[in-house]
Protein chains: 2
Amino acid sequence: MAAVRQIAGPCQAWPEDSAFIREVLDRIGDKWTMLIVSTLDAGPLRYSDVQASIPGISQRMLTQTLKHLERDGMLVRTAYPEVPPRVEYELTELGRSLMEAVMAMAAWAAAHHREIAANRAASELTGVGRSKAPAGS
Amino acid sequence: MAAVRQIAGPCQAWPEDSAFIREVLDRIGDKWTMLIVSTLDAGPLRYSDVQASIPGISQRMLTQTLKHLERDGMLVRTAYPEVPPRVEYELTELGRSLMEAVMAMAAWAAAHHREIAANRAASELTGVGRSKAPAGS
DNA sequence: CGGCATCCAAACGGATACTG
DNA sequence: CAGTATCCGTTTGGATGCCG
């Protein structure tokens, strides 16, 4: 692999190896991928069930994201040739392993979101990263 | 968001609130954040040095991303009041901890990118996730 | 039920020009 | 040197309508 050399030390960046991470982040960084994966982590679900489990999603984004995940081998699509069409989506092992990796990120987020929120609020007062926020008054 | 209710199984899922993860992903999921963080992981750098370290970035995106990172407390900006202006950016502990979390994702990406690429190539042949690719002939 | 196709608004992001 | 401001193309994603 040779991608991630040392973690602890001052590792000299990884512009050359960043393609993998960029690729993964482009995939899970979108608005719905992780929600779908986490929903499917419970077990196989039908199209409409997935949609019902994710309140704000549109058919367009649901279908598109499902296709991307299927294309990457994160899940398998099974269509049953019945009179009322039934299609089920189920995570693969790869998809579940992604879930675990994302859980690590989630753990970090849960551990630091307070700190981040506090920093952001403080910056709001001092006007550090101000771009075009109305700032109350 | 309450989209991810309760999940049974091996991975027990994250807390019912996925807002943290979405927030973090929205921040690191953009095009340049990780590149900048990884560049700064080596040590403090000046504006132009960061720019030089990241070939394709524009001033607009560099400045914007730096401000976002500063606002979230991932880095600190130090401006020296000299005749030729000098500004240095340095990662905070929070920023370095993010780096570690991302490195974990990178490790996953490095471990599975081959598998993903293979799945994608296979799907290309079978025409699974096809949307509007010309597909050669 | 499970999509796909189209339209359209907002956000993202690059190129350029200008400033302190 | 270290930005800011503006213009503009590209991408994202929601809303709608149709179809097997």
# chains A, B, ... in the order shown; residues from 1 in each chain; ligands from 1

call {"tool": "closest_atom_pairs", "arguments": {"of": "chain C", "to": "chain B", "cutoff": "10 Å", "atoms": "only C-alpha atoms (C1' of nucleotides)", "output": "tab-separated table"}}
result
residue	atom	partner	partner_atom	distance
C:DC4	C1'	B:Ser131	CA	9.9
C:DC12	C1'	B:Asp30	CA	9.0
C:DG13	C1'	B:Met61	CA	7.3
C:DG14	C1'	B:Ser58	CA	7.0
C:DA15	C1'	B:Ser58	CA	8.7
C:DG20	C1'	B:Pro85	CA	9.9

call {"tool": "calpha_fit_rmsd", "arguments": {"fixed": "chain B", "moving": "chain A"}}
result
3.1 Å

call {"tool": "residues_around", "arguments": {"residues": "stretch 106-119 of chain A", "least_positions_apart": "6", "cutoff": "7 Å", "atoms": "only C-alpha atoms (C1' of nucleotides)", "output": "PDB file with N, CA, C and O atoms, in the first residue's frame"}}
result
ATOM      1  N   PHE B  20     -23.049  15.469  13.952  1.00  0.00           N
ATOM      2  CA  PHE B  20     -21.613  15.657  14.140  1.00  0.00           C
ATOM      3  C   PHE B  20     -20.857  15.216  12.905  1.00  0.00           C
ATOM      4  O   PHE B  20     -20.025  15.941  12.372  1.00  0.00           O
ATOM      5  N   ILE B  21     -21.171  14.019  12.497  1.00  0.00           N
ATOM      6  CA  ILE B  21     -20.445  13.443  11.375  1.00  0.00           C
ATOM      7  C   ILE B  21     -20.685  14.249  10.100  1.00  0.00           C
ATOM      8  O   ILE B  21     -19.758  14.528   9.356  1.00  0.00           O
ATOM      9  N   VAL B  24     -18.599  17.344  10.285  1.00  0.00           N
ATOM     10  CA  VAL B  24     -17.184  17.084  10.034  1.00  0.00           C
ATOM     11  C   VAL B  24     -16.948  16.750   8.563  1.00  0.00           C
ATOM     12  O   VAL B  24     -16.017  17.244   7.940  1.00  0.00           O
ATOM     13  N   ARG B  71     -11.412  29.260  11.824  1.00  0.00           N
ATOM     14  CA  ARG B  71     -12.666  29.472  12.531  1.00  0.00           C
ATOM     15  C   ARG B  71     -13.017  28.268  13.403  1.00  0.00           C
ATOM     16  O   ARG B  71     -13.558  28.413  14.495  1.00  0.00           O
ATOM     17  N   ASP B  72     -12.691  27.086  12.915  1.00  0.00           N
ATOM     18  CA  ASP B  72     -13.009  25.871  13.667  1.00  0.00           C
ATOM     19  C   ASP B  72     -11.917  25.516  14.676  1.00  0.00           C
ATOM     20  O   ASP B  72     -12.018  24.519  15.379  1.00  0.00           O
ATOM     21  N   GLY B  73     -10.862  26.321  14.717  1.00  0.00           N
ATOM     22  CA  GLY B  73      -9.803  26.065  15.678  1.00  0.00           C
ATOM     23  C   GLY B  73      -8.843  24.973  15.260  1.00  0.00           C
ATOM     24  O   GLY B  73      -8.138  24.405  16.099  1.00  0.00           O
ATOM     25  N   ALA B 101      -7.313  11.258  12.590  1.00  0.00           N
ATOM     26  CA  ALA B 101      -8.565  10.619  12.212  1.00  0.00           C
ATOM     27  C   ALA B 101      -8.633  10.408  10.707  1.00  0.00           C
ATOM     28  O   ALA B 101      -9.065   9.352  10.229  1.00  0.00           O
TER      29      ALA B 101
END

call {"tool": "interface_residues", "arguments": {"of": "chain D", "to": "chain A", "cutoff": "12 Å", "atoms": "only C-alpha atoms (C1' of nucleotides)", "output": "NGL selection string"}}
result
:D and (4 or 11-16 or 20)

call {"tool": "atom_distance", "arguments": {"atom1": "atom CA of B:Lys67", "atom2": "atom CA of B:Ala79"}}
result
13.5 Å

call {"tool": "atom_distance", "arguments": {"atom1": "atom CA of A:Ser123", "atom2": "atom CA of B:Leu25"}}
result
20.4 Å

call {"tool": "atom_distance", "arguments": {"atom1": "atom CA of A:Arg120", "atom2": "atom CA of B:Pro81"}}
result
25.5 Å

call {"tool": "residues_around", "arguments": {"residues": "B:Thr65", "least_positions_apart": "3", "cutoff": "9 Å", "atoms": "only C-alpha atoms (C1' of nucleotides)", "output": "short mmCIF file (atom, residue, chain, number, x, y, z; two decimals) with C-alpha atoms, in the first residue's frame"}}
result
data_model
loop_
_atom_site.label_atom_id
_atom_site.label_comp_id
_atom_site.auth_asym_id
_atom_site.auth_seq_id
_atom_site.Cartn_x
_atom_site.Cartn_y
_atom_site.Cartn_z
CA TRP B 32 -8.68 21.32 -0.37
CA THR B 33 -9.11 21.07 3.39
CA ILE B 36 -3.89 22.00 3.53
CA ARG B 60 -9.60 32.17 -3.40
CA MET B 61 -9.88 28.58 -2.22
CA LEU B 62 -6.69 28.76 -0.19
CA HIS B 68 -12.70 27.96 7.77
CA LEU B 69 -10.00 25.93 9.45
CA GLU B 70 -9.05 28.88 11.61
#

call {"tool": "select_by_dssp", "arguments": {"residues": "stretch 13-98 of chain B", "states": "alpha helix (DSSP H)", "output": "number ranges by chain"}}
result
B: 19-28, 33-40, 47-53, 59-71, 93-98

call {"tool": "select_by_dssp", "arguments": {"residues": "stretch 37-135 of chain B", "states": "strand (DSSP E or B)", "output": "PyMOL selection string"}}
result
chain B and resi 45-46+75-80+86-91

call {"tool": "closest_residue", "arguments": {"among": "A:Glu82, A:Asp49, A:Glu124, A:Glu90", "to": "chain B", "atoms": "only C-alpha atoms"}}
result
A:Glu124

call {"tool": "residues_around", "arguments": {"residues": "C:DC18", "least_positions_apart": "5", "cutoff": "12 Å", "atoms": "only C-alpha atoms (C1' of nucleotides)", "output": "VMD selection string"}}
result
chain D and resid 3 to 6

call {"tool": "residues_around", "arguments": {"residues": "C:DA5", "least_positions_apart": "2", "cutoff": "10 Å", "atoms": "only C-alpha atoms (C1' of nucleotides)", "output": "list in words"}}
result
DC7 of chain C; DG17 and DC18 of chain D

call {"tool": "write_last_selection", "arguments": {"atoms": "C-alpha atoms (C1' of nucleotides)", "output": "mmCIF file, in the first residue's frame"}}
result
data_model
loop_
_atom_site.group_PDB
_atom_site.id
_atom_site.type_symbol
_atom_site.label_atom_id
_atom_site.label_comp_id
_atom_site.auth_asym_id
_atom_site.auth_seq_id
_atom_site.Cartn_x
_atom_site.Cartn_y
_atom_site.Cartn_z
ATOM 1 C "C1'" DC C 7 -35.662 21.524 -15.538
ATOM 2 C "C1'" DG D 17 -43.408 14.449 -14.564
ATOM 3 C "C1'" DC D 18 -43.447 10.072 -16.901
#

call {"tool": "closest_residue", "arguments": {"among": "B:Val37, B:Val50, B:Gly29, B:Arg77", "to": "chain A", "atoms": "only C-alpha atoms"}}
result
B:Gly29

call {"tool": "closest_residue", "arguments": {"among": "B:Leu125, B:Arg86, B:Tyr80, B:Glu100", "to": "chain A", "atoms": "only C-alpha atoms"}}
result
B:Glu100
